[in-house]
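Participant: For reference, this is my_file_12.txt, and it has compact mmCIF, C-alpha atoms.
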```txt
# COMPACT_ATOMS: atom_id res chain seq x y z
CA MET A 1 -15.42 24.17 13.57
CA ALA A 2 -11.66 23.78 13.85
CA ALA A 3 -9.50 25.76 11.44
CA THR A 4 -8.00 22.58 9.96
CA TYR A 5 -8.68 18.88 10.07
CA THR A 6 -6.59 16.86 12.50
CA GLN A 7 -4.51 13.97 11.20
CA ASP A 8 -7.05 11.51 12.65
CA GLU A 9 -9.89 13.34 10.90
CA LEU A 10 -8.02 13.26 7.58
CA ILE A 11 -7.37 9.55 7.96
CA ALA A 12 -11.07 8.96 8.67
CA LEU A 13 -12.03 10.92 5.55
CA ARG A 14 -9.56 9.02 3.43
CA ARG A 15 -10.78 5.64 4.70
CA SER A 16 -14.41 6.55 4.06
CA LEU A 17 -13.54 7.47 0.48
CA HIS A 18 -11.35 4.40 0.05
CA LYS A 19 -14.37 2.18 0.70
CA ILE A 20 -16.38 3.55 -2.22
CA PRO A 21 -14.21 3.66 -5.37
CA GLU A 22 -16.18 4.21 -8.57
CA ILE A 23 -15.34 4.22 -12.27
CA GLY A 24 -15.19 7.56 -14.09
CA LEU A 25 -18.52 9.37 -14.61
CA GLU A 26 -20.16 6.82 -12.28
CA GLU A 27 -18.89 8.42 -9.04
CA VAL A 28 -22.36 8.78 -7.52
CA LYS A 29 -21.56 7.76 -3.94
CA THR A 30 -18.28 9.66 -4.08
CA HIS A 31 -20.09 12.79 -5.26
CA GLU A 32 -22.63 12.44 -2.46
CA PHE A 33 -19.93 12.02 0.19
CA LEU A 34 -17.94 14.99 -1.11
CA MET A 35 -21.04 17.19 -1.17
CA GLN A 36 -21.77 16.31 2.45
CA MET A 37 -18.24 17.31 3.47
CA ILE A 38 -18.37 20.50 1.39
CA GLN A 39 -21.72 21.49 2.88
CA ALA A 40 -20.29 20.90 6.36
CA ASN A 41 -17.62 23.50 5.55
CA MET A 42 -19.87 26.06 3.87
CA LYS A 43 -19.52 29.77 4.56
CA GLU A 44 -21.29 32.78 3.13
CA PHE A 45 -18.43 33.50 0.71
CA ILE A 46 -18.32 29.96 -0.74
CA GLU A 47 -20.15 28.95 -3.94
CA VAL A 48 -20.70 25.38 -5.12
CA LYS A 49 -21.41 24.25 -8.67
CA GLU A 50 -22.18 20.65 -9.61
CA TRP A 51 -21.40 19.29 -13.06
CA GLN A 52 -22.39 15.67 -13.65
CA THR A 53 -20.39 13.86 -10.95
CA GLY A 54 -17.87 16.71 -10.73
CA ILE A 55 -17.96 19.57 -8.23
CA LEU A 56 -16.50 23.08 -8.35
CA VAL A 57 -16.10 24.95 -5.07
CA LYS A 58 -15.30 28.66 -5.28
CA ILE A 59 -14.04 30.58 -2.26
CA ASN A 60 -14.81 34.19 -3.16
CA GLY A 61 -12.23 36.76 -2.12
CA THR A 62 -12.75 40.22 -0.68
CA GLU A 63 -10.89 42.06 -3.48
CA PRO A 64 -10.10 39.45 -6.12
CA THR A 65 -7.72 40.13 -8.95
CA LYS A 66 -7.34 36.45 -9.87
CA THR A 67 -8.72 32.96 -9.23
CA ILE A 68 -6.25 30.35 -7.98
CA GLY A 69 -7.24 26.79 -8.91
CA TRP A 70 -6.59 23.45 -7.25
CA ARG A 71 -7.65 20.25 -9.02
CA THR A 72 -8.26 16.80 -7.56
CA ASP A 73 -9.49 13.67 -9.34
CA ILE A 74 -12.21 11.52 -7.79
CA ASP A 75 -12.53 8.24 -9.73
CA GLY A 76 -11.24 4.76 -8.97
CA LEU A 77 -9.93 1.88 -11.08
CA PRO A 78 -11.37 -1.50 -12.18
CA ILE A 79 -8.96 -3.42 -9.93
CA THR A 80 -9.79 -5.98 -7.23
CA GLU A 81 -8.16 -4.83 -4.00
CA GLU A 82 -5.76 -7.22 -2.23
CA VAL A 83 -5.13 -5.08 0.87
CA PHE A 84 -7.38 -6.54 3.56
CA SER A 85 -8.49 -4.04 6.20
CA ASP A 86 -11.61 -2.69 7.87
CA PHE A 87 -11.70 0.07 5.24
CA GLN A 88 -11.03 -1.94 2.08
CA SER A 89 -13.18 -1.37 -1.00
CA THR A 90 -16.83 -2.32 -0.62
CA HIS A 91 -17.30 -2.21 -4.41
CA PRO A 92 -16.24 -5.56 -5.94
CA GLY A 93 -13.67 -5.19 -8.69
CA GLN A 94 -13.04 -1.50 -7.99
CA MET A 95 -10.26 0.14 -5.98
CA HIS A 96 -8.59 3.46 -5.31
CA ALA A 97 -5.32 2.02 -6.57
CA CYS A 98 -4.04 5.34 -7.91
CA GLY A 99 -4.41 7.36 -4.72
CA HIS A 100 -7.39 9.48 -5.69
CA ASP A 101 -8.81 8.89 -2.20
CA PHE A 102 -5.67 10.70 -0.95
CA HIS A 103 -6.15 13.45 -3.53
CA MET A 104 -9.76 14.06 -2.48
CA THR A 105 -8.93 14.04 1.23
CA ILE A 106 -6.17 16.59 0.70
CA ALA A 107 -8.55 18.80 -1.31
CA LEU A 108 -11.12 18.69 1.49
CA GLY A 109 -8.37 19.67 3.91
CA LEU A 110 -7.41 22.55 1.65
CA LEU A 111 -11.01 23.73 1.49
CA ARG A 112 -11.15 24.10 5.24
CA ALA A 113 -7.68 25.65 5.51
CA LEU A 114 -8.19 28.17 2.68
CA SER A 115 -11.61 29.29 3.94
CA GLU A 116 -10.58 29.74 7.57
CA THR A 117 -10.83 33.47 6.87
CA GLN A 118 -12.04 35.06 3.66
CA PRO A 119 -9.06 35.49 1.30
CA LYS A 120 -8.30 38.52 -0.84
CA ASN A 121 -8.36 36.53 -4.09
CA ASN A 122 -10.63 33.73 -5.22
CA TYR A 123 -9.79 30.05 -4.83
CA LEU A 124 -11.33 27.32 -6.96
CA LEU A 125 -11.29 23.71 -5.79
CA LEU A 126 -12.09 21.36 -8.65
CA PHE A 127 -13.25 17.82 -7.85
CA GLN A 128 -12.90 16.26 -11.28
CA PRO A 129 -14.37 12.91 -12.41
CA ALA A 130 -13.05 10.39 -14.93
CA GLU A 131 -9.33 11.07 -14.87
CA GLU A 132 -8.57 7.41 -15.49
CA ASN A 133 -10.89 6.63 -18.40
CA GLU A 134 -12.53 9.61 -20.11
CA ALA A 135 -10.22 12.61 -19.61
CA GLY A 136 -12.67 14.34 -17.27
CA GLY A 137 -10.65 17.56 -17.25
CA MET A 138 -11.19 17.96 -20.97
CA ILE A 139 -14.90 17.14 -20.92
CA MET A 140 -15.50 19.55 -18.03
CA TYR A 141 -13.57 22.33 -19.77
CA GLU A 142 -15.24 21.79 -23.14
CA GLY A 143 -18.63 21.22 -21.50
CA GLY A 144 -18.67 24.70 -19.93
CA ALA A 145 -18.12 23.67 -16.30
CA PHE A 146 -15.83 26.67 -15.77
CA ASP A 147 -18.28 29.21 -17.21
CA ASP A 148 -19.96 31.91 -15.11
CA GLY A 149 -16.93 32.97 -13.12
CA PHE A 150 -15.43 29.55 -12.29
CA MET A 151 -12.44 29.72 -14.67
CA PRO A 152 -9.12 29.79 -12.78
CA ASP A 153 -6.26 32.05 -13.85
CA GLU A 154 -3.69 29.51 -12.66
CA ILE A 155 -4.09 25.92 -11.53
CA TYR A 156 -2.18 23.37 -9.45
CA ALA A 157 -2.44 19.65 -8.68
CA LEU A 158 -0.54 16.77 -7.17
CA HIS A 159 -0.23 13.04 -7.71
CA VAL A 160 0.88 10.59 -5.04
CA SER A 161 4.21 8.84 -5.65
CA PRO A 162 4.81 5.41 -4.09
CA GLU A 163 8.55 5.66 -4.81
CA LEU A 164 9.13 8.85 -2.82
CA PRO A 165 9.21 8.89 1.00
CA VAL A 166 6.70 10.88 3.03
CA GLY A 167 7.94 14.46 3.35
CA THR A 168 9.21 14.56 -0.23
CA ILE A 169 7.78 16.63 -3.08
CA GLY A 170 9.02 16.19 -6.63
CA THR A 171 8.47 18.25 -9.76
CA ARG A 172 10.22 19.96 -12.65
CA VAL A 173 9.79 22.78 -15.15
CA GLY A 174 8.52 21.42 -18.45
CA THR A 175 7.19 17.94 -19.12
CA LEU A 176 6.47 15.94 -15.96
CA PHE A 177 4.19 13.24 -17.46
CA ALA A 178 3.86 11.93 -20.98
CA GLY A 179 0.97 12.43 -23.34
CA THR A 180 -0.85 9.20 -24.18
CA CYS A 181 -3.01 7.93 -27.02
CA GLU A 182 -5.03 4.73 -27.21
CA VAL A 183 -4.53 2.58 -30.31
CA GLU A 184 -6.86 -0.05 -31.75
CA VAL A 185 -6.06 -1.89 -34.97
CA ASN A 186 -8.72 -3.98 -36.73
CA LEU A 187 -7.66 -6.24 -39.60
CA LYS A 188 -10.11 -8.02 -41.90
CA GLY A 189 -9.15 -10.49 -44.63
CA LYS A 190 -10.33 -13.92 -45.73
CA GLY A 191 -10.29 -16.93 -43.44
CA GLY A 192 -10.06 -20.53 -44.53
CA HIS A 193 -8.90 -24.09 -43.95
CA ALA A 194 -5.39 -24.56 -42.56
CA ALA A 195 -4.61 -27.04 -45.36
CA PHE A 196 -5.31 -24.47 -48.09
CA PRO A 197 -3.48 -21.26 -47.11
CA HIS A 198 -3.40 -20.07 -50.73
CA GLN A 199 -7.18 -19.75 -50.64
CA ALA A 200 -7.19 -17.56 -47.51
CA ASN A 201 -5.63 -14.36 -46.22
CA ASP A 202 -4.07 -14.89 -42.79
CA MET A 203 -4.80 -11.97 -40.45
CA ILE A 204 -2.59 -13.40 -37.70
CA ILE A 205 0.42 -12.90 -39.96
CA ALA A 206 -0.82 -9.45 -41.04
CA GLY A 207 -1.48 -8.40 -37.45
CA MET A 208 1.91 -9.62 -36.25
CA GLU A 209 3.58 -7.72 -39.07
CA TYR A 210 1.70 -4.54 -38.12
CA ILE A 211 2.84 -4.83 -34.50
CA GLN A 212 6.44 -5.47 -35.55
CA GLN A 213 6.48 -2.52 -37.91
CA ALA A 214 4.93 -0.28 -35.24
CA GLN A 215 8.04 -0.84 -33.13
CA THR A 216 10.12 0.83 -35.83
CA VAL A 217 8.29 4.11 -35.22
CA VAL A 218 10.28 4.63 -32.02
CA SER A 219 13.55 3.23 -33.36
CA ARG A 220 13.49 4.93 -36.76
CA SER A 221 10.97 7.81 -36.84
CA VAL A 222 11.41 9.38 -33.40
CA ASP A 223 14.36 11.63 -32.63
CA PRO A 224 16.49 9.52 -30.22
CA ILE A 225 16.94 12.57 -27.98
CA GLN A 226 13.18 12.61 -27.43
CA GLY A 227 11.09 9.97 -25.71
CA ALA A 228 8.33 7.82 -27.16
CA VAL A 229 6.81 4.43 -26.36
CA VAL A 230 4.59 2.25 -28.52
CA THR A 231 3.21 -0.77 -26.64
CA PHE A 232 0.60 -3.31 -27.69
CA GLY A 233 -0.98 -5.07 -24.75
CA THR A 234 -3.59 -7.26 -26.45
CA PHE A 235 -3.86 -9.28 -29.67
CA TYR A 236 -6.90 -11.36 -30.54
CA ALA A 237 -7.32 -13.63 -33.57
CA GLY A 238 -8.46 -17.07 -34.57
CA THR A 239 -11.08 -19.58 -33.53
CA ALA A 240 -9.41 -23.00 -33.95
CA ARG A 241 -5.95 -24.47 -34.54
CA ASN A 242 -6.84 -25.65 -38.05
CA VAL A 243 -8.62 -22.50 -39.21
CA ILE A 244 -6.81 -19.57 -40.81
CA ALA A 245 -7.98 -16.39 -39.11
CA GLY A 246 -9.84 -13.92 -41.28
CA GLN A 247 -9.88 -11.21 -38.62
CA ALA A 248 -7.56 -9.88 -35.94
CA GLN A 249 -7.51 -7.06 -33.45
CA ALA A 250 -4.64 -5.46 -31.55
CA ALA A 251 -4.81 -2.73 -28.90
CA GLY A 252 -2.13 -0.65 -27.27
CA THR A 253 -0.89 2.76 -26.29
CA ILE A 254 1.37 5.59 -27.46
CA ARG A 255 3.28 7.65 -24.90
CA THR A 256 5.42 10.67 -25.76
CA LEU A 257 6.97 13.60 -23.92
CA THR A 258 5.74 16.22 -26.39
CA GLN A 259 2.47 16.65 -28.26
CA GLU A 260 4.40 17.15 -31.50
CA MET A 261 5.97 13.70 -31.10
CA ASN A 262 2.59 12.17 -30.21
CA GLU A 263 1.10 13.50 -33.42
CA LEU A 264 4.09 12.22 -35.43
CA THR A 265 3.72 8.76 -33.89
CA GLN A 266 -0.02 8.72 -34.55
CA ARG A 267 0.58 9.65 -38.19
CA ARG A 268 3.16 6.87 -38.64
CA MET A 269 0.77 4.32 -37.10
CA GLN A 270 -1.82 5.25 -39.71
CA GLU A 271 0.73 5.05 -42.52
CA ILE A 272 1.84 1.59 -41.43
CA GLY A 273 -1.79 0.50 -41.55
CA VAL A 274 -2.04 1.65 -45.16
CA GLY A 275 1.10 -0.31 -46.02
CA ILE A 276 -0.08 -3.51 -44.32
CA ALA A 277 -3.42 -3.28 -46.12
CA ALA A 278 -1.63 -3.08 -49.48
CA SER A 279 0.92 -5.80 -48.66
CA PHE A 280 -1.59 -8.35 -47.38
CA GLN A 281 -4.53 -7.31 -49.55
CA CYS A 282 -6.77 -6.82 -46.54
CA GLU A 283 -8.65 -4.09 -44.74
CA VAL A 284 -6.86 -2.32 -41.88
CA GLU A 285 -8.59 0.18 -39.60
CA VAL A 286 -6.37 2.12 -37.19
CA ILE A 287 -8.33 3.93 -34.47
CA LEU A 288 -6.41 6.53 -32.46
CA ASP A 289 -8.00 8.18 -29.43
CA GLN A 290 -5.94 10.65 -27.40
CA LYS A 291 -8.92 12.25 -25.69
CA GLY A 292 -7.47 14.88 -23.32
CA TYR A 293 -4.33 13.03 -22.26
CA LEU A 294 -1.86 15.64 -23.43
CA PRO A 295 1.65 15.80 -21.95
CA VAL A 296 1.68 17.38 -18.49
CA VAL A 297 3.87 20.41 -19.20
CA ASN A 298 4.55 22.51 -16.11
CA HIS A 299 4.71 26.24 -16.84
CA GLN A 300 8.02 27.90 -16.01
CA LYS A 301 6.91 30.88 -13.92
CA GLU A 302 4.43 28.99 -11.73
CA THR A 303 6.70 25.97 -11.32
CA GLU A 304 9.79 27.97 -10.42
CA HIS A 305 7.79 29.84 -7.80
CA PHE A 306 6.50 26.53 -6.41
CA ILE A 307 10.01 25.07 -6.30
CA ASP A 308 11.44 28.17 -4.59
CA PHE A 309 8.66 28.10 -2.00
CA MET A 310 9.04 24.41 -1.16
CA GLU A 311 12.83 24.57 -1.06
CA ALA A 312 12.51 27.29 1.60
CA GLN A 313 10.44 24.97 3.83
CA ALA A 314 12.75 23.30 6.35
CA ASP A 315 10.55 20.20 6.61
CA VAL A 316 10.17 19.55 2.86
CA GLU A 317 12.56 17.47 0.75
CA LEU A 318 12.23 18.93 -2.74
CA LYS A 319 13.44 16.81 -5.65
CA ILE A 320 13.77 17.80 -9.29
CA MET A 321 12.29 14.83 -11.15
CA GLN A 322 12.89 13.26 -14.51
CA PRO A 323 9.85 13.03 -16.82
CA ALA A 324 7.68 9.94 -16.38
CA MET A 325 5.88 8.01 -19.10
CA THR A 326 2.71 7.83 -17.02
CA GLY A 327 -0.29 9.71 -18.40
CA GLU A 328 -2.53 12.29 -16.70
CA ASP A 329 -5.40 14.34 -18.08
CA PHE A 330 -4.24 17.36 -16.07
CA GLY A 331 -2.09 17.96 -19.15
CA TYR A 332 -5.19 19.17 -20.96
CA LEU A 333 -5.92 21.81 -18.30
CA LEU A 334 -2.27 22.92 -18.28
CA ASP A 335 -2.52 23.35 -22.04
CA LYS A 336 -5.27 25.92 -21.40
CA ILE A 337 -4.31 27.39 -17.99
CA PRO A 338 -0.84 28.13 -16.56
CA GLY A 339 0.15 26.12 -13.52
CA THR A 340 2.06 23.11 -12.28
CA MET A 341 1.74 19.54 -11.05
CA PHE A 342 3.96 17.70 -8.61
CA TRP A 343 4.56 14.32 -7.01
CA LEU A 344 3.74 13.80 -3.32
CA GLY A 345 5.72 11.05 -1.59
CA VAL A 346 3.55 8.37 0.05
CA ASP A 347 6.11 5.54 0.34
CA SER A 348 4.24 2.41 -0.77
CA GLU A 349 5.93 -0.97 -1.28
CA PHE A 350 3.63 -1.58 -4.24
CA GLY A 351 3.20 0.89 -7.09
CA LEU A 352 0.34 2.78 -8.68
CA HIS A 353 -2.47 0.63 -10.12
CA HIS A 354 -1.31 -2.37 -8.08
CA PRO A 355 -3.96 -4.29 -6.08
CA LYS A 356 -1.70 -4.04 -3.01
CA PHE A 357 -1.01 -0.30 -3.32
CA GLN A 358 -0.94 1.02 0.25
CA PRO A 359 0.18 4.67 0.66
CA GLN A 360 1.27 5.97 4.05
CA GLU A 361 -1.48 8.05 5.64
CA SER A 362 1.03 10.29 7.42
CA ALA A 363 1.38 12.10 4.06
CA LEU A 364 -2.13 13.53 4.40
CA SER A 365 -1.54 16.16 7.08
CA PHE A 366 1.88 16.91 5.61
CA ALA A 367 0.32 17.68 2.23
CA VAL A 368 -2.59 19.75 3.56
CA ASP A 369 -0.26 21.88 5.66
CA ARG A 370 2.46 22.50 3.06
CA VAL A 371 0.16 22.92 0.07
CA SER A 372 -2.17 25.29 1.94
CA ARG A 373 0.85 27.37 2.92
CA PHE A 374 1.88 27.54 -0.73
CA LEU A 375 -1.59 28.44 -2.00
CA LYS A 376 -1.97 31.12 0.65
CA SER A 377 1.35 32.60 -0.48
CA LEU A 378 -0.27 33.26 -3.86
CA ASP A 379 -3.04 35.35 -2.28
CA LYS A 380 -1.43 38.74 -2.90
```
What would the structure in this file look like if it were written as structure tokens?

Facilitator:
Amino acid sequence: MAATYTQDELIALRRSLHKIPEIGLEEVKTHEFLMQMIQANMKEFIEVKEWQTGILVKINGTEPTKTIGWRTDIDGLPITEEVFSDFQSTHPGQMHACGHDFHMTIALGLLRALSETQPKNNYLLLFQPAEENEAGGMIMYEGGAFDDGFMPDEIYALHVSPELPVGTIGTRVGTLFAGTCEVEVNLKGKGGHAAFPHQANDMIIAGMEYIQQAQTVVSRSVDPIQGAVVTFGTFYAGTARNVIAGQAQAAGTIRTLTQEMNELTQRRMQEIGVGIAASFQCEVEVILDQKGYLPVVNHQKETEHFIDFMEAQADVELKIMQPAMTGEDFGYLLDKIPGTMFWLGVDSEFGLHHPKFQPQESALSFAVDRVSRFLKSLDK
């Protein structure tokens, strides 16, 4: 077995994974493929633990004083692919439009590179399900997946960036990604005939007023120096043009750069619901579900070391990034374990979650080589 995968081998792995995207906690084929590749790289000092569709691979060291973690996500998105190729998705309505096929391929490359010889310290490679929909990092952590010697002392991860060119790595100390929270608002009043509005209680008007007032949370409750977004993407109400709607439903998202601000925004959304219920004499239910999508806050010590290491590499363009309002459940793990996350440039014309997202495969060998160098530098 070669010490590392060749670029052609990495591309083949990525294309095999790209064909079989699966929604979170349903990654059965993905799990099977990953297990085959892991078994093909097994050595006597490697342990494997399966947890639902997730996999933990531990490379045991000779004299370990710590366990160094690397996390990759394995799920796809409910998007119909519009990139036509001989390796396009074979699962209708599902696509690796967020680059998790890249993430998994890089992790498999790291497994082979880090186990070329037995290290001094332990390495843990985490293949995590359900990043996109169920905060798989949180459910694995809370479900005991890291018990029995699989808990890392520090942890690292990457996310592909379509905006950055291949050869570029971007990160920062502190918040890299926002924390997110799903919002659902259900309003229930009294419907009626359009000709007799005084006999009904119009939930279209009440729902519109809730959405309008929710926009004041950012403009009037959030410190303008800090970032927050409140967006409603859906609003459903009514059955006919001459019927006053007795029910309405709106759904959206909260995104903030700190958990404190997320909690403030959630509280204000509930308070607005109470006010709308009183004003329109209706029932208002505000459902808030953050799951494990906490802000991704990179720890100072680990991130500064990562930045210093990458800046010293002649073939790496290191950029200090501004925070992004995208969400990532790696924030939950960073809330429990010190570490850092970074962007990997893959130079795609179309962005993340786009049906034409097409990252450059030349980033694969670049990432495996540079990240393995970094992780090996921690083995002291």

Participant: So which one's closest to A:Asn186, A:Ala3, A:Ile211, A:Ile139, A:Met42? Using all atoms listed in the file, please.

Facilitator: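 Smallest distance to A:Asn186 is found for A:Ile211.
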
Participant: Rank nothing, just name the residue among A:Thr4, A:Cys98, A:Glu44, A:Trp70 nearest to A:Pro21, using only C-alpha atoms.

Facilitator: A:Cys98

Participant: Would you pick out the contacts of stretch 235-239 of chain A at 12 Å or less, using all atoms listed in the file, so that residues sharing its chain but fewer than 4 positions from it are not included, and give the list as a PyMOL selection string?

Facilitator: chain A and resi 183-194+202-208+210-211+231+243-252

Participant: A:Glu328: which residues within 9 Å, counting only C-alpha atoms, same-chain residues fewer than 4 positions away excluded, as a tab-separated table (two decimals) with C-alpha atoms, in the frame of the given file?

Facilitator:
```tsv
chain	number	residue	atom	x	y	z
A	131	GLU	CA	-9.33	11.07	-14.87
A	132	GLU	CA	-8.57	7.41	-15.49
A	135	ALA	CA	-10.22	12.61	-19.61
A	177	PHE	CA	4.19	13.24	-17.46
A	178	ALA	CA	3.86	11.93	-20.98
A	179	GLY	CA	0.97	12.43	-23.34
A	180	THR	CA	-0.85	9.20	-24.18
A	292	GLY	CA	-7.47	14.88	-23.32
A	293	TYR	CA	-4.33	13.03	-22.26
A	294	LEU	CA	-1.86	15.64	-23.43
A	295	PRO	CA	1.65	15.80	-21.95
A	296	VAL	CA	1.68	17.38	-18.49
A	332	TYR	CA	-5.19	19.17	-20.96
```

Participant: Have a look at A:Ile46, A:Leu344, A:Ile155, A:Cys181 and name the one nearest to A:Gln360; count all atoms listed in the file.

Facilitator: A:Leu344

Participant: Given all atoms listed in the file, how would the per-residue table for stretch 27-98 of chain A near stretch 110-129 of chain A read, listing every residue at most 12 Å away with its closest atom pair and distance in Å to one decimal, sorted by chain and number, as JSON lines?

Facilitator:
```
{"residue": "A:Glu27", "atom": "CA", "partner": "A:Pro129", "partner_atom": "CA", "distance": 7.2}
{"residue": "A:Val28", "atom": "CA", "partner": "A:Pro129", "partner_atom": "CA", "distance": 10.2}
{"residue": "A:Thr30", "atom": "CA", "partner": "A:Pro129", "partner_atom": "CA", "distance": 9.8}
{"residue": "A:His31", "atom": "CA", "partner": "A:Phe127", "partner_atom": "CA", "distance": 8.9}
{"residue": "A:Phe33", "atom": "CA", "partner": "A:Phe127", "partner_atom": "CA", "distance": 12.0}
{"residue": "A:Leu34", "atom": "CA", "partner": "A:Phe127", "partner_atom": "CA", "distance": 8.7}
{"residue": "A:Met35", "atom": "CA", "partner": "A:Phe127", "partner_atom": "CA", "distance": 10.3}
{"residue": "A:Met37", "atom": "CA", "partner": "A:Leu111", "partner_atom": "CA", "distance": 9.9}
{"residue": "A:Ile38", "atom": "CA", "partner": "A:Leu111", "partner_atom": "CA", "distance": 8.0}
{"residue": "A:Gln39", "atom": "CA", "partner": "A:Leu111", "partner_atom": "CA", "distance": 11.0}
{"residue": "A:Ala40", "atom": "CA", "partner": "A:Arg112", "partner_atom": "CA", "distance": 9.7}
{"residue": "A:Asn41", "atom": "CA", "partner": "A:Arg112", "partner_atom": "CA", "distance": 6.5}
{"residue": "A:Met42", "atom": "CA", "partner": "A:Ser115", "partner_atom": "CA", "distance": 8.9}
{"residue": "A:Lys43", "atom": "CA", "partner": "A:Ser115", "partner_atom": "CA", "distance": 7.9}
{"residue": "A:Glu44", "atom": "CA", "partner": "A:Gln118", "partner_atom": "CA", "distance": 9.5}
{"residue": "A:Phe45", "atom": "CA", "partner": "A:Gln118", "partner_atom": "CA", "distance": 7.2}
{"residue": "A:Ile46", "atom": "CA", "partner": "A:Ser115", "partner_atom": "CA", "distance": 8.2}
{"residue": "A:Glu47", "atom": "CA", "partner": "A:Leu124", "partner_atom": "CA", "distance": 9.5}
{"residue": "A:Val48", "atom": "CA", "partner": "A:Leu125", "partner_atom": "CA", "distance": 9.6}
{"residue": "A:Lys49", "atom": "CA", "partner": "A:Leu126", "partner_atom": "CA", "distance": 9.8}
{"residue": "A:Glu50", "atom": "CA", "partner": "A:Phe127", "partner_atom": "CA", "distance": 9.5}
{"residue": "A:Trp51", "atom": "CA", "partner": "A:Gln128", "partner_atom": "CA", "distance": 9.2}
{"residue": "A:Gln52", "atom": "CA", "partner": "A:Pro129", "partner_atom": "CA", "distance": 8.6}
{"residue": "A:Thr53", "atom": "CA", "partner": "A:Pro129", "partner_atom": "CA", "distance": 6.3}
{"residue": "A:Gly54", "atom": "CA", "partner": "A:Gln128", "partner_atom": "CA", "distance": 5.0}
{"residue": "A:Ile55", "atom": "CA", "partner": "A:Phe127", "partner_atom": "CA", "distance": 5.0}
{"residue": "A:Leu56", "atom": "CA", "partner": "A:Leu126", "partner_atom": "CA", "distance": 4.7}
{"residue": "A:Val57", "atom": "CA", "partner": "A:Leu125", "partner_atom": "CA", "distance": 5.0}
{"residue": "A:Lys58", "atom": "CA", "partner": "A:Leu124", "partner_atom": "CA", "distance": 4.5}
{"residue": "A:Ile59", "atom": "CA", "partner": "A:Tyr123", "partner_atom": "CA", "distance": 5.0}
{"residue": "A:Asn60", "atom": "CA", "partner": "A:Asn122", "partner_atom": "CA", "distance": 4.7}
{"residue": "A:Gly61", "atom": "CA", "partner": "A:Asn121", "partner_atom": "CA", "distance": 4.3}
{"residue": "A:Thr62", "atom": "CA", "partner": "A:Lys120", "partner_atom": "CA", "distance": 4.8}
{"residue": "A:Glu63", "atom": "CA", "partner": "A:Lys120", "partner_atom": "CA", "distance": 5.1}
{"residue": "A:Pro64", "atom": "CA", "partner": "A:Asn121", "partner_atom": "CA", "distance": 4.0}
{"residue": "A:Thr65", "atom": "CA", "partner": "A:Asn121", "partner_atom": "CA", "distance": 6.1}
{"residue": "A:Lys66", "atom": "CA", "partner": "A:Asn121", "partner_atom": "CA", "distance": 5.9}
{"residue": "A:Thr67", "atom": "CA", "partner": "A:Asn122", "partner_atom": "CA", "distance": 4.5}
{"residue": "A:Ile68", "atom": "CA", "partner": "A:Tyr123", "partner_atom": "CA", "distance": 4.7}
{"residue": "A:Gly69", "atom": "CA", "partner": "A:Leu124", "partner_atom": "CA", "distance": 4.6}
{"residue": "A:Trp70", "atom": "CA", "partner": "A:Leu125", "partner_atom": "CA", "distance": 4.9}
{"residue": "A:Arg71", "atom": "CA", "partner": "A:Leu126", "partner_atom": "CA", "distance": 4.6}
{"residue": "A:Thr72", "atom": "CA", "partner": "A:Phe127", "partner_atom": "CA", "distance": 5.1}
{"residue": "A:Asp73", "atom": "CA", "partner": "A:Gln128", "partner_atom": "CA", "distance": 4.7}
{"residue": "A:Ile74", "atom": "CA", "partner": "A:Pro129", "partner_atom": "CA", "distance": 5.3}
{"residue": "A:Asp75", "atom": "CA", "partner": "A:Pro129", "partner_atom": "CA", "distance": 5.7}
{"residue": "A:Gly76", "atom": "CA", "partner": "A:Pro129", "partner_atom": "CA", "distance": 9.4}
{"residue": "A:Leu77", "atom": "CA", "partner": "A:Pro129", "partner_atom": "CA", "distance": 12.0}
```

Participant: With all atoms of stretch 102-117 of chain A from the file as input, state the centre and edge lengths in Å to one decimal of the axis-aligned box that has 4 Å extra on each side, as JSON.

Facilitator:
```
{"center_x": -8.6, "center_y": 22.1, "center_z": 2.0, "size_x": 13.9, "size_y": 30.8, "size_z": 19.1}
```

Participant: From the options A:Thr216, A:Asn242, A:Asn133, A:Ser85, which residue's atoms come nearest to A:Gly24, counting all atoms listed in the file?

Facilitator: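 Nearest to A:Gly24: A:Asn133.
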
Participant: Which residue out of A:Ala214, A:Ile320, A:Leu108, A:Ala195 has the minimum interatomic distance to A:Glu9 when all atoms listed in the file are used?

Facilitator: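 For A:Glu9, the nearest of the given residues is A:Leu108.
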
Participant: Please list as a PDB file with C-alpha atoms, in the frame of the given file every residue within 10 Å of A:Leu10, counting only C-alpha atoms and excluding residues in the same chain fewer than 6 positions away.

Facilitator:
```pdb
ATOM      1  CA  THR A   4      -8.000  22.580   9.960  1.00  0.00           C
ATOM      2  CA  SER A  16     -14.410   6.550   4.060  1.00  0.00           C
ATOM      3  CA  PHE A 102      -5.670  10.700  -0.950  1.00  0.00           C
ATOM      4  CA  THR A 105      -8.930  14.040   1.230  1.00  0.00           C
ATOM      5  CA  ILE A 106      -6.170  16.590   0.700  1.00  0.00           C
ATOM      6  CA  LEU A 108     -11.120  18.690   1.490  1.00  0.00           C
ATOM      7  CA  GLY A 109      -8.370  19.670   3.910  1.00  0.00           C
ATOM      8  CA  GLU A 361      -1.480   8.050   5.640  1.00  0.00           C
ATOM      9  CA  SER A 362       1.030  10.290   7.420  1.00  0.00           C
ATOM     10  CA  LEU A 364      -2.130  13.530   4.400  1.00  0.00           C
ATOM     11  CA  SER A 365      -1.540  16.160   7.080  1.00  0.00           C
ATOM     12  CA  VAL A 368      -2.590  19.750   3.560  1.00  0.00           C
TER      13      VAL A 368
END
```

Participant: Please tell me which residues are no farther than 9 Å from (12.2, 12.1, 3.2) in the file, counting all atoms listed in the file, and write them as JSON, numbers by chain.

Facilitator: {"A": [164, 165, 166, 167, 168, 169, 315, 316, 317, 345]}
